[in-house]
file run35.txt (compact mmCIF, C-alpha atoms and all ligand atoms)
# COMPACT_ATOMS: atom_id res chain seq x y z
CA MET A 550 -89.16 9.66 -6.69
CA ASN A 551 -90.49 10.99 -3.42
CA SER A 552 -88.41 10.02 -0.38
CA ASP A 553 -91.66 9.42 1.58
CA GLN A 554 -92.23 6.43 -0.68
CA ASN A 555 -88.99 4.77 0.37
CA THR A 556 -89.54 1.51 2.19
CA SER A 557 -88.54 1.47 5.81
CA ALA A 558 -86.95 -1.95 6.00
CA SER A 559 -84.11 -2.15 8.53
CA PRO A 560 -81.07 -0.28 7.29
CA LYS A 561 -78.30 -2.34 5.77
CA LEU A 562 -75.52 -2.86 8.31
CA THR A 563 -71.94 -3.49 7.20
CA LEU A 564 -69.01 -4.25 9.50
CA ASN A 565 -65.62 -2.63 8.86
CA LEU A 566 -66.74 -0.78 5.74
CA SER A 567 -63.97 0.98 3.83
CA LEU A 568 -64.69 4.71 3.43
CA LYS A 569 -61.79 5.40 1.08
CA ASP A 570 -64.25 6.19 -1.71
CA ARG A 571 -66.58 8.09 0.59
CA ASN A 572 -64.26 10.89 1.72
CA THR A 573 -62.89 13.39 -0.77
CA PHE A 574 -59.46 13.50 0.94
CA GLY A 575 -59.21 9.85 -0.11
CA PHE A 576 -58.04 8.78 3.37
CA ASP A 577 -57.89 5.06 3.97
CA ALA A 578 -60.58 5.06 6.65
CA CYS A 579 -62.90 2.33 7.86
CA ALA A 580 -66.26 2.40 9.70
CA GLU A 581 -66.65 -0.23 12.43
CA LEU A 582 -70.44 -0.37 11.99
CA ALA A 583 -71.94 1.34 8.94
CA TYR A 584 -75.74 1.77 8.76
CA GLU A 585 -77.06 2.75 5.35
CA ILE A 586 -80.02 5.06 6.01
CA THR A 587 -82.42 5.16 3.05
CA ALA A 588 -85.58 6.36 4.85
CA ALA A 589 -86.11 8.77 7.74
CA ASP A 590 -88.15 6.31 9.78
CA GLN A 591 -85.15 3.98 10.09
CA ILE A 592 -83.38 6.57 12.23
CA PRO A 593 -85.22 6.23 15.61
CA GLY A 594 -84.53 2.47 15.73
CA VAL A 595 -80.86 2.90 14.86
CA MET A 596 -80.42 5.69 17.42
CA ASN A 597 -82.10 3.52 20.12
CA GLU A 598 -79.68 0.71 19.33
CA ILE A 599 -76.76 3.15 19.50
CA ALA A 600 -77.95 4.48 22.88
CA GLU A 601 -78.50 1.00 24.31
CA LYS A 602 -75.02 -0.13 23.28
CA GLN A 603 -73.53 3.26 24.28
CA LEU A 604 -71.79 3.60 20.92
CA THR A 605 -70.19 6.75 19.61
CA TRP A 606 -71.80 7.80 16.34
CA ARG A 607 -71.76 10.30 13.49
CA VAL A 608 -73.54 10.91 10.18
CA LEU A 609 -71.62 10.81 6.91
CA GLY A 610 -73.01 12.47 3.78
CA GLY A 611 -70.77 12.79 0.73
CA GLY A 612 -67.62 12.92 2.88
CA SER A 613 -66.55 16.17 1.21
CA ASN A 614 -66.07 18.20 4.39
CA VAL A 615 -64.57 15.70 6.81
CA ILE A 616 -61.18 14.57 8.05
CA LEU A 617 -61.47 10.89 8.88
CA PRO A 618 -59.27 8.86 11.24
CA LYS A 619 -58.10 5.36 10.23
CA VAL A 620 -60.93 3.75 12.17
CA LEU A 621 -64.29 5.33 12.91
CA PRO A 622 -65.32 3.56 16.11
CA GLY A 623 -68.97 2.78 16.91
CA ALA A 624 -71.71 3.62 14.42
CA THR A 625 -71.53 5.59 11.19
CA LEU A 626 -74.85 6.50 9.58
CA LEU A 627 -74.46 6.76 5.82
CA MET A 628 -77.08 9.27 4.75
CA ASN A 629 -78.62 7.89 1.56
CA ILE A 630 -82.19 9.26 1.65
CA THR A 631 -83.01 10.21 -1.95
CA GLY A 632 -85.94 11.85 -3.72
CA GLN A 633 -86.72 15.36 -4.89
CA GLN A 634 -90.18 16.74 -5.48
CA ILE A 635 -91.82 20.06 -6.23
CA THR A 636 -94.39 20.34 -3.44
CA THR A 637 -95.95 23.78 -3.99
CA ALA A 638 -95.77 26.33 -6.75
CA ASP A 639 -97.52 29.68 -6.60
CA ALA A 640 -97.12 33.05 -8.26
CA SER A 641 -94.18 34.07 -6.07
CA SER A 642 -92.14 30.92 -5.46
CA THR A 643 -91.71 27.16 -5.78
CA LEU A 644 -91.07 24.80 -2.88
CA ILE A 645 -88.92 21.73 -3.50
CA ALA A 646 -88.49 18.94 -0.92
CA VAL A 647 -85.22 17.05 -1.29
CA GLY A 648 -83.83 13.99 0.53
CA GLY A 649 -80.70 14.53 2.63
CA GLY A 650 -78.67 12.01 0.62
CA VAL A 651 -79.20 13.61 -2.81
CA ASN A 652 -76.00 14.77 -4.52
CA TRP A 653 -75.83 18.58 -4.30
CA HIS A 654 -74.53 19.35 -7.79
CA GLU A 655 -76.99 16.98 -9.48
CA PHE A 656 -79.81 18.70 -7.60
CA VAL A 657 -78.64 22.14 -8.77
CA ALA A 658 -78.50 20.89 -12.39
CA TRP A 659 -82.01 19.43 -12.01
CA THR A 660 -83.46 22.76 -10.79
CA LEU A 661 -82.21 24.41 -13.97
CA GLU A 662 -83.69 21.64 -16.15
CA GLU A 663 -87.00 22.23 -14.36
CA GLY A 664 -86.82 25.94 -15.16
CA LEU A 665 -86.23 26.94 -11.53
CA PRO A 666 -83.08 29.09 -11.53
CA GLY A 667 -81.50 30.54 -8.39
CA LEU A 668 -78.94 28.00 -7.24
CA GLU A 669 -76.61 28.20 -10.26
CA ASN A 670 -73.85 30.08 -8.36
CA LEU A 671 -73.58 27.01 -6.11
CA ALA A 672 -72.89 24.55 -8.93
CA LEU A 673 -70.20 21.89 -8.52
CA ILE A 674 -69.96 22.13 -4.72
CA PRO A 675 -69.25 18.55 -3.67
CA GLY A 676 -71.37 16.80 -1.05
CA THR A 677 -75.01 16.14 -0.29
CA VAL A 678 -78.16 18.21 0.12
CA GLY A 679 -78.40 17.19 3.80
CA ALA A 680 -74.95 18.58 4.56
CA ALA A 681 -75.61 21.89 2.77
CA PRO A 682 -77.53 23.66 5.59
CA ILE A 683 -75.12 22.49 8.30
CA GLN A 684 -72.29 24.74 7.18
CA ASN A 685 -74.53 27.00 5.08
CA ILE A 686 -72.57 26.31 1.91
CA GLY A 687 -71.74 29.36 -0.14
CA ALA A 688 -69.90 30.42 -3.25
CA TYR A 689 -69.74 33.33 -5.71
CA GLY A 690 -71.82 35.69 -3.60
CA VAL A 691 -74.64 33.28 -2.68
CA GLU A 692 -75.27 31.29 0.51
CA ILE A 693 -77.76 28.44 0.54
CA GLY A 694 -79.50 29.72 3.69
CA GLU A 695 -81.17 32.36 1.50
CA TYR A 696 -82.97 29.66 -0.47
CA ILE A 697 -83.99 27.37 2.37
CA ASN A 698 -87.61 27.31 3.49
CA SER A 699 -87.20 24.70 6.24
CA VAL A 700 -85.10 21.72 7.27
CA GLU A 701 -86.54 18.41 8.52
CA VAL A 702 -84.44 16.71 11.15
CA PHE A 703 -84.45 13.93 13.71
CA ASP A 704 -83.72 15.52 17.09
CA VAL A 705 -81.51 13.04 18.93
CA LYS A 706 -82.18 14.75 22.27
CA THR A 707 -85.99 14.64 22.16
CA LYS A 708 -86.12 11.57 19.86
CA ASP A 709 -88.61 13.40 17.63
CA PHE A 710 -88.77 14.49 14.03
CA VAL A 711 -88.87 18.29 13.89
CA THR A 712 -89.15 20.88 11.11
CA LEU A 713 -86.97 23.93 11.63
CA THR A 714 -87.91 27.09 9.77
CA LYS A 715 -85.22 29.09 8.00
CA GLU A 716 -85.17 31.57 10.92
CA ALA A 717 -84.69 28.76 13.45
CA CYS A 718 -81.66 27.56 11.46
CA HIS A 719 -79.68 30.74 12.44
CA PHE A 720 -77.74 30.79 9.20
CA ALA A 721 -74.52 32.84 9.15
CA TYR A 722 -71.24 32.63 7.21
CA ARG A 723 -70.36 28.89 7.20
CA ASP A 724 -72.51 28.50 10.32
CA SER A 725 -75.95 27.34 11.46
CA TYR A 726 -77.94 26.11 14.46
CA PHE A 727 -76.98 22.56 13.41
CA LYS A 728 -73.28 23.37 13.52
CA GLN A 729 -73.70 25.09 16.89
CA ASN A 730 -75.39 21.96 18.28
CA PRO A 731 -73.23 19.07 17.08
CA GLN A 732 -74.49 15.51 17.60
CA ARG A 733 -78.05 16.72 18.09
CA PHE A 734 -79.75 16.84 14.69
CA ILE A 735 -79.81 14.43 11.75
CA VAL A 736 -80.97 16.21 8.59
CA THR A 737 -83.38 14.03 6.62
CA LYS A 738 -84.92 16.48 4.16
CA VAL A 739 -84.40 20.08 3.04
CA VAL A 740 -87.24 22.20 1.63
CA PHE A 741 -86.00 24.93 -0.70
CA ARG A 742 -87.97 28.03 -1.67
CA ILE A 743 -87.01 29.26 -5.14
CA PRO A 744 -88.46 32.70 -5.95
CA ARG A 745 -90.12 33.06 -9.36
CA GLN A 746 -88.35 36.31 -9.97
CA TRP A 747 -84.80 35.62 -10.99
CA GLN A 748 -81.88 37.97 -11.23
CA ALA A 749 -78.33 37.17 -12.30
CA ARG A 750 -75.90 37.47 -9.38
CA ILE A 751 -72.53 38.06 -10.97
CA HIS A 752 -70.99 40.69 -8.68
CA TYR A 753 -68.35 38.30 -7.26
CA ALA A 754 -64.99 39.24 -8.85
CA ASP A 755 -64.33 35.95 -10.69
CA LEU A 756 -67.84 35.90 -12.19
CA ALA A 757 -67.85 39.61 -13.04
CA LYS A 758 -64.65 39.01 -15.01
CA GLN A 759 -66.25 36.13 -16.96
CA PHE A 760 -69.20 38.29 -17.96
CA SER A 761 -67.51 41.66 -18.45
CA GLY A 762 -69.44 43.54 -21.10
CA GLN A 763 -72.39 41.11 -20.90
CA SER A 764 -75.09 42.52 -18.62
CA SER A 765 -77.66 39.73 -18.51
CA PRO A 766 -76.29 36.21 -18.78
CA SER A 767 -78.77 33.33 -18.49
CA PRO A 768 -78.87 30.99 -15.46
CA GLU A 769 -77.36 28.26 -17.64
CA GLU A 770 -74.49 30.53 -18.67
CA ILE A 771 -73.80 31.35 -15.03
CA PHE A 772 -73.96 27.65 -14.13
CA LEU A 773 -71.38 26.84 -16.82
CA ALA A 774 -69.16 29.78 -15.82
CA VAL A 775 -69.16 28.69 -12.16
CA CYS A 776 -68.28 25.12 -13.21
CA LYS A 777 -65.45 26.47 -15.36
CA ILE A 778 -64.01 28.72 -12.62
CA ARG A 779 -64.20 25.98 -10.00
CA THR A 780 -62.60 23.45 -12.32
CA LEU A 781 -59.71 25.81 -13.04
CA LYS A 782 -59.14 26.87 -9.41
CA LEU A 783 -60.03 23.87 -7.29
CA PRO A 784 -58.55 20.38 -7.49
CA ASP A 785 -60.80 17.50 -8.55
CA PRO A 786 -60.98 15.12 -5.54
CA LYS A 787 -61.00 12.16 -7.94
CA VAL A 788 -57.53 13.23 -9.07
CA ILE A 789 -56.08 14.71 -5.87
CA GLY A 790 -57.70 14.33 -2.45
CA ASN A 791 -59.00 17.52 -0.83
CA ALA A 792 -61.96 19.01 1.05
CA GLY A 793 -62.26 22.37 -0.72
CA SER A 794 -61.42 25.37 1.46
CA PHE A 795 -59.57 24.01 4.46
CA PHE A 796 -59.92 27.18 6.58
CA GLN A 797 -62.77 29.63 6.98
CA ASN A 798 -62.15 33.18 5.92
CA PRO A 799 -61.51 34.89 9.27
CA ILE A 800 -63.80 37.72 10.37
CA VAL A 801 -61.99 40.48 12.25
CA PRO A 802 -63.11 43.75 13.94
CA SER A 803 -62.88 46.78 11.62
CA GLU A 804 -60.12 48.38 13.74
CA GLN A 805 -57.92 45.31 13.33
CA TYR A 806 -58.66 45.33 9.61
CA GLU A 807 -57.59 49.00 9.31
CA THR A 808 -54.31 48.32 11.11
CA LEU A 809 -53.63 45.29 8.91
CA ARG A 810 -54.49 47.16 5.72
CA GLN A 811 -52.06 49.94 6.51
CA LYS A 812 -49.30 47.41 7.04
CA HIS A 813 -50.33 45.22 4.08
CA PRO A 814 -51.93 47.37 1.34
CA GLY A 815 -52.62 44.29 -0.83
CA LEU A 816 -54.80 42.66 1.84
CA VAL A 817 -57.90 41.09 0.23
CA SER A 818 -61.10 41.45 2.24
CA TYR A 819 -64.86 41.80 2.00
CA PRO A 820 -67.37 43.73 4.12
CA ASP A 821 -69.23 41.45 6.53
CA ALA A 822 -72.97 41.64 7.25
CA THR A 823 -72.24 42.41 10.92
CA GLY A 824 -70.04 45.46 10.17
CA LYS A 825 -66.81 43.52 10.67
CA ARG A 826 -64.41 42.52 7.89
CA LYS A 827 -63.92 39.11 6.29
CA LEU A 828 -60.32 38.48 5.21
CA ALA A 829 -59.36 36.17 2.34
CA ALA A 830 -57.53 33.39 4.17
CA GLY A 831 -56.12 32.18 0.84
CA TRP A 832 -54.32 35.51 0.45
CA LEU A 833 -52.90 35.40 4.00
CA ILE A 834 -51.61 31.84 3.47
CA ASP A 835 -50.26 32.70 0.02
CA GLN A 836 -48.36 35.68 1.47
CA CYS A 837 -46.70 33.34 3.95
CA GLY A 838 -45.26 31.43 1.00
CA PHE A 839 -47.18 28.18 1.44
CA LYS A 840 -48.74 27.88 -2.02
CA GLY A 841 -47.60 24.67 -3.72
CA GLN A 842 -45.56 23.64 -0.64
CA ARG A 843 -45.48 20.07 0.52
CA MET A 844 -44.98 18.44 3.92
CA GLY A 845 -44.75 14.68 3.49
CA ASN A 846 -47.98 13.46 1.93
CA ALA A 847 -49.84 16.71 2.64
CA GLY A 848 -49.61 19.82 0.55
CA VAL A 849 -51.02 23.27 -0.23
CA TYR A 850 -52.68 23.33 -3.65
CA GLU A 851 -50.60 25.18 -6.20
CA LYS A 852 -53.49 27.27 -7.58
CA GLN A 853 -55.38 28.11 -4.36
CA ALA A 854 -53.60 28.35 -1.03
CA LEU A 855 -56.81 27.82 0.96
CA VAL A 856 -57.02 24.21 -0.22
CA LEU A 857 -54.94 21.48 1.42
CA VAL A 858 -54.40 18.31 -0.56
CA ASN A 859 -53.51 14.67 0.03
CA HIS A 860 -50.74 13.77 -2.41
CA GLY A 861 -51.57 10.09 -1.87
CA ASN A 862 -51.31 7.74 1.11
CA GLY A 863 -51.75 10.69 3.45
CA ILE A 864 -53.61 10.34 6.74
CA ALA A 865 -55.46 12.85 8.90
CA GLN A 866 -52.35 13.60 11.01
CA ASP A 867 -50.35 14.62 7.90
CA ILE A 868 -52.93 17.21 6.91
CA LEU A 869 -53.41 18.44 10.50
CA ARG A 870 -49.65 18.84 10.99
CA LEU A 871 -49.45 21.04 7.89
CA ALA A 872 -52.58 22.94 8.99
CA LYS A 873 -51.01 23.71 12.39
CA CYS A 874 -47.87 24.99 10.69
CA ILE A 875 -49.99 27.32 8.50
CA GLN A 876 -52.07 28.51 11.46
CA ASP A 877 -48.94 29.33 13.49
CA LYS A 878 -47.29 31.24 10.65
CA VAL A 879 -50.42 33.26 9.77
CA GLN A 880 -50.87 34.07 13.48
CA LYS A 881 -47.25 35.21 13.70
CA GLU A 882 -47.31 37.30 10.51
CA PHE A 883 -50.79 38.82 10.71
CA GLY A 884 -52.06 38.22 14.26
CA VAL A 885 -55.07 36.39 12.78
CA SER A 886 -56.21 32.92 13.80
CA LEU A 887 -57.54 30.54 11.16
CA ASP A 888 -60.34 28.08 11.95
CA ILE A 889 -60.40 24.71 10.21
CA GLU A 890 -63.51 24.31 8.06
CA PRO A 891 -63.96 20.52 7.65
CA ASN A 892 -65.15 18.41 10.58
CA ILE A 893 -62.41 16.44 12.28
CA LEU A 894 -64.03 13.12 13.16
N1 LIG B 1 -56.12 34.51 -3.00
C1 LIG B 1 -54.75 34.62 -3.12
N2 LIG B 1 -54.02 33.48 -3.14
C2 LIG B 1 -54.57 32.25 -3.06
C3 LIG B 1 -55.97 32.13 -2.94
C4 LIG B 1 -56.73 33.28 -2.92
O1 LIG B 1 -54.21 35.72 -3.19
O2 LIG B 1 -53.83 31.27 -3.10
C5 LIG B 1 -56.94 35.72 -3.05
C6 LIG B 1 -57.54 35.83 -4.45
O3 LIG B 1 -56.78 36.63 -5.24
C7 LIG B 1 -58.89 36.42 -4.21
C8 LIG B 1 -59.19 36.13 -2.75
O4 LIG B 1 -58.01 35.62 -2.16
O5 LIG B 1 -58.83 37.80 -4.37
C9 LIG B 1 -60.35 35.16 -2.59
O6 LIG B 1 -60.11 33.94 -3.26
P1 LIG B 1 -61.29 33.11 -3.94
O7 LIG B 1 -62.13 33.98 -4.79
O8 LIG B 1 -60.69 31.90 -4.54
O9 LIG B 1 -62.25 32.73 -2.73
P2 LIG B 1 -61.96 32.25 -1.26
O10 LIG B 1 -62.34 33.33 -0.32
O11 LIG B 1 -60.59 31.72 -1.17
C10 LIG B 1 -64.38 31.34 -0.86
C11 LIG B 1 -65.00 30.07 -0.36
C12 LIG B 1 -65.00 29.01 -1.45
C13 LIG B 1 -65.79 29.54 -2.63
C14 LIG B 1 -65.13 30.86 -3.11
C15 LIG B 1 -65.92 31.52 -4.20
C16 LIG B 1 -64.59 30.05 2.03
C17 LIG B 1 -63.81 29.46 3.16
N3 LIG B 1 -64.28 29.62 0.82
O12 LIG B 1 -63.01 31.05 -1.12
O13 LIG B 1 -65.65 27.87 -0.95
O14 LIG B 1 -65.84 28.62 -3.70
O15 LIG B 1 -65.06 31.81 -2.01
O16 LIG B 1 -67.07 32.09 -3.67
O17 LIG B 1 -65.46 30.87 2.28
C18 LIG B 1 -65.31 25.75 0.08
O18 LIG B 1 -65.92 26.19 1.07
O19 LIG B 1 -64.86 24.57 0.06
C19 LIG B 1 -65.07 26.62 -1.06
C20 LIG B 1 -64.34 26.24 -2.10

call {"tool": "encode", "arguments": {"input": "run35.txt", "output": "structure tokens", "more": "lines below"}}
Ligand code: EPU
result
Amino acid sequence: MNSDQNTSASPKLTLNLSLKDRNTFGFDACAELAYEITAADQIPGVMNEIAEKQLTWRVLGGGSNVILPKVLPGATLLMNITGQQITTADASSTLIAVGGGVNWHEFVAWTLEEGLPGLENLALIPGTVGAAPIQNIGAYGVEIGEYINSVEVFDVKTKDFVTLTKEACHFAYRDSYFKQNPQRFIVTKVVFRIPRQWQARIHYADLAKQFSGQSSPSPEEIFLAVCKIRTLKLPDPKVIGNAGSFFQNPIVPSEQYETLRQKHPGLVSYPDATGKRKLAAGWLIDQCGFKGQRMGNAGVYEKQALVLVNHGNGIAQDILRLAKCIQDKVQKEFGVSLDIEPNIL
């Protein structure tokens, strides 16, 4: 279905909506006023209402990258715009327009069914298509920014719908123009450009190991391998609440990296596009002895130290208290500061 065909009846409004099932940490949170957005043209009216009543507001996609308080005051826009459609296909690439509320993993699976490989390394990332460009989701050597043609947004400042080209999105590691300008843009649709020419991208260590001795796996094989690796390494939010990587991998100047490497020969790092060095935060945290540790209801996942988990009945403060403890220790041991990846609402 094409999202343009969605009706633009007023969005459904619910008071005191429980968000327990709409945040992957499983926090017992509640939205004072929840607007279910199913079509882009509902947004200007809702934002006018919000401005008139001087309400605080935020957009919630799949809730896979957020830390929610007990009560979300003011308005919460639940992004539920669906629809995905191939808009143009020529000899070099295919353009696909996708509603901001579409589930990311289901979209990736659909591209493979349609014979449009390219996104398979990004399988099983939780969340929605609309959230993907905001933090430029990435995994196993691929970042989504590479495959984005343009992003359609409502600009809250100018009260206009605008299309930003890939260049205007300023994609960088877990960063974008949208992230740099919080509370300004509401993503309604993402247009992907999938090149016709496909090449397996299996250089990332975990994938290379899966395919050792096999030079040309198919997109479907890569998709299944990524799903397998993620399932083994990352906790399923339905079983144990979490938001994937809790910290970004810190990027440090090359001189600092050299000093650290001499002191800690096992340091895991990757070259960064800007000539600096990206350190594996999971390794730093692991070295500090946090893996599998627990502080009240919050814990560090036993198989991946970069993931903080809610052991049940936890609240935002529990996770943030543990996060602060980790940040302080890593700072003390390595002189490196860790930035929290999920949005604290
Ligand atoms: N490591 C440890 N101990 C740990 C965890 C990791 O020593 O407890 C070491 C591993 O041995 C490995 C290195 O750190 O050599 C990197 O670990 P991993 O391959 O698991 O990747 P990551 O850097 O921890 C990033 C992304 C993930 C993404 C993977 C795979 C960030 C913040 N995280 O994690 O993204 O799936 O690479 O590409 O960039 C997410 O953002 O939610 C997420 C899961």

call {"tool": "closest_residue", "arguments": {"input": "run35.txt", "among": "A:Arg779, A:Arg843, A:Lys758, A:His813", "to": "ligand LIG 1 (chain B)", "atoms": "all atoms listed in the file"}}
result
A:Arg779

call {"tool": "closest_residue", "arguments": {"input": "run35.txt", "among": "A:Leu671, A:Ile868, A:Leu713, A:Leu626", "to": "Ala588 of chain A", "atoms": "all atoms listed in the file"}}
result
A:Leu626

call {"tool": "closest_residue", "arguments": {"input": "run35.txt", "among": "A:Gly790, A:Asn670, A:Val705, A:Phe760", "to": "ligand LIG 1 (chain B)", "atoms": "only C-alpha atoms and all ligand atoms"}}
result
A:Asn670

call {"tool": "residues_near_ligand", "arguments": {"input": "run35.txt", "ligand": "ligand LIG 1 (chain B)", "cutoff": "9 Å", "atoms": "only C-alpha atoms and all ligand atoms", "output": "ChimeraX atom specification"}}
result
/A:613-614,670-671,674-675,684,686-691,722-723,753-755,779,782-783,792-799,816-818,827-836,839-840,849-856,890-891

call {"tool": "residues_around", "arguments": {"input": "run35.txt", "residues": "Thr737 of chain A", "least_positions_apart": "6", "cutoff": "9 Å", "atoms": "only C-alpha atoms", "output": "ChimeraX atom specification"}}
result
/A:588-589,628,630,647-650,679,700-703

call {"tool": "write_last_selection", "arguments": {"input": "run35.txt", "atoms": "C-alpha atoms", "output": "PDB file, in the frame of the given file"}}
result
ATOM      1  CA  ALA A 588     -85.580   6.360   4.850  1.00  0.00           C
ATOM      2  CA  ALA A 589     -86.110   8.770   7.740  1.00  0.00           C
ATOM      3  CA  MET A 628     -77.080   9.270   4.750  1.00  0.00           C
ATOM      4  CA  ILE A 630     -82.190   9.260   1.650  1.00  0.00           C
ATOM      5  CA  VAL A 647     -85.220  17.050  -1.290  1.00  0.00           C
ATOM      6  CA  GLY A 648     -83.830  13.990   0.530  1.00  0.00           C
ATOM      7  CA  GLY A 649     -80.700  14.530   2.630  1.00  0.00           C
ATOM      8  CA  GLY A 650     -78.670  12.010   0.620  1.00  0.00           C
ATOM      9  CA  GLY A 679     -78.400  17.190   3.800  1.00  0.00           C
ATOM     10  CA  VAL A 700     -85.100  21.720   7.270  1.00  0.00           C
ATOM     11  CA  GLU A 701     -86.540  18.410   8.520  1.00  0.00           C
ATOM     12  CA  VAL A 702     -84.440  16.710  11.150  1.00  0.00           C
ATOM     13  CA  PHE A 703     -84.450  13.930  13.710  1.00  0.00           C
TER      14      PHE A 703
END

call {"tool": "residues_around", "arguments": {"input": "run35.txt", "residues": "Ile743 of chain A", "least_positions_apart": "5", "cutoff": "7 Å", "atoms": "all atoms listed in the file", "output": "ChimeraX atom specification"}}
result
/A:642-644,665,667,696

call {"tool": "write_last_selection", "arguments": {"input": "run35.txt", "atoms": "C-alpha atoms", "output": "PDB file, keeping the file's coordinate frame"}}
result
ATOM      1  CA  SER A 642     -92.140  30.920  -5.460  1.00  0.00           C
ATOM      2  CA  THR A 643     -91.710  27.160  -5.780  1.00  0.00           C
ATOM      3  CA  LEU A 644     -91.070  24.800  -2.880  1.00  0.00           C
ATOM      4  CA  LEU A 665     -86.230  26.940 -11.530  1.00  0.00           C
ATOM      5  CA  GLY A 667     -81.500  30.540  -8.390  1.00  0.00           C
ATOM      6  CA  TYR A 696     -82.970  29.660  -0.470  1.00  0.00           C
TER       7      TYR A 696
END

call {"tool": "atom_distance", "arguments": {"input": "run35.txt", "atom1": "atom CA of Val801 of chain A", "atom2": "atom CA of Lys878 of chain A"}}
result
17.4 Å

call {"tool": "closest_residue", "arguments": {"input": "run35.txt", "among": "A:Val775, A:Ile645, A:Ala681, A:Val657", "to": "Ile751 of chain A", "atoms": "only C-alpha atoms"}}
result
A:Val775

call {"tool": "atom_distance", "arguments": {"input": "run35.txt", "atom1": "atom CA of Arg733 of chain A", "atom2": "atom CA of Val711 of chain A"}}
result
11.7 Å

call {"tool": "atom_distance", "arguments": {"input": "run35.txt", "atom1": "atom CA of Leu781 of chain A", "atom2": "atom CA of Phe656 of chain A"}}
result
22.0 Å

call {"tool": "closest_residue", "arguments": {"input": "run35.txt", "among": "A:Ile592, A:Cys874, A:Ala717, A:Ile616", "to": "Pro560 of chain A", "atoms": "only C-alpha atoms"}}
result
A:Ile592

call {"tool": "axis_aligned_box", "arguments": {"input": "run35.txt", "around": "segment 692-700 of chain A", "padding_each_side": "5 Å", "output": "lines of an AutoDock Vina configuration file"}}
result
center_x = -81.4
center_y = 27.0
center_z = 3.4
size_x = 22.3
size_y = 20.6
size_z = 17.7

call {"tool": "residues_near_point", "arguments": {"input": "run35.txt", "point": "(-67.4, 3.8, 18.4)", "cutoff": "12 Å", "atoms": "all atoms listed in the file", "output": "MDAnalysis selection string"}}
result
chainID A and resid 565 579:583 599:600 602:607 618 620:626 894

call {"tool": "closest_residue", "arguments": {"input": "run35.txt", "among": "A:Phe727, A:Leu564, A:Val739, A:Asn685", "to": "Thr636 of chain A", "atoms": "all atoms listed in the file"}}
result
A:Val739

call {"tool": "residues_around", "arguments": {"input": "run35.txt", "residues": "Ala749 of chain A", "least_positions_apart": "6", "cutoff": "7 Å", "atoms": "all atoms listed in the file", "output": "PyMOL selection string"}}
result
chain A and resi 765-766+768

call {"tool": "residues_around", "arguments": {"input": "run35.txt", "residues": "Val651 of chain A", "least_positions_apart": "3", "cutoff": "6 Å", "atoms": "all atoms listed in the file", "output": "ChimeraX atom specification"}}
result
/A:631,648,677-678

call {"tool": "build_atoms", "arguments": {"input": "run35.txt", "residues": "segment 880-888 of chain A", "atoms": "N, CA, C and O atoms", "output": "compact mmCIF listing (two decimals), keeping the file's coordinate frame"}}
result
# COMPACT_ATOMS: atom_id res chain seq x y z
N GLN A 880 -50.72 33.39 12.18
CA GLN A 880 -50.87 34.07 13.48
C GLN A 880 -49.67 34.99 13.73
O GLN A 880 -49.82 36.15 14.12
N LYS A 881 -48.48 34.45 13.44
CA LYS A 881 -47.25 35.21 13.70
C LYS A 881 -47.16 36.44 12.77
O LYS A 881 -46.86 37.53 13.20
N GLU A 882 -47.47 36.22 11.49
CA GLU A 882 -47.31 37.30 10.51
C GLU A 882 -48.41 38.35 10.58
O GLU A 882 -48.15 39.53 10.38
N PHE A 883 -49.65 37.89 10.81
CA PHE A 883 -50.79 38.82 10.71
C PHE A 883 -51.59 38.97 12.01
O PHE A 883 -52.51 39.78 12.07
N GLY A 884 -51.29 38.15 13.01
CA GLY A 884 -52.06 38.22 14.26
C GLY A 884 -53.49 37.75 14.07
O GLY A 884 -54.41 38.19 14.77
N VAL A 885 -53.71 36.86 13.09
CA VAL A 885 -55.07 36.39 12.78
C VAL A 885 -55.10 34.87 12.97
O VAL A 885 -54.20 34.17 12.51
N SER A 886 -56.15 34.38 13.66
CA SER A 886 -56.21 32.92 13.80
C SER A 886 -57.16 32.33 12.75
O SER A 886 -58.21 32.90 12.44
N LEU A 887 -56.75 31.20 12.21
CA LEU A 887 -57.54 30.54 11.16
C LEU A 887 -58.27 29.33 11.76
O LEU A 887 -57.65 28.49 12.41
N ASP A 888 -59.57 29.24 11.49
CA ASP A 888 -60.34 28.08 11.95
C ASP A 888 -60.47 27.06 10.82
O ASP A 888 -60.74 27.43 9.67
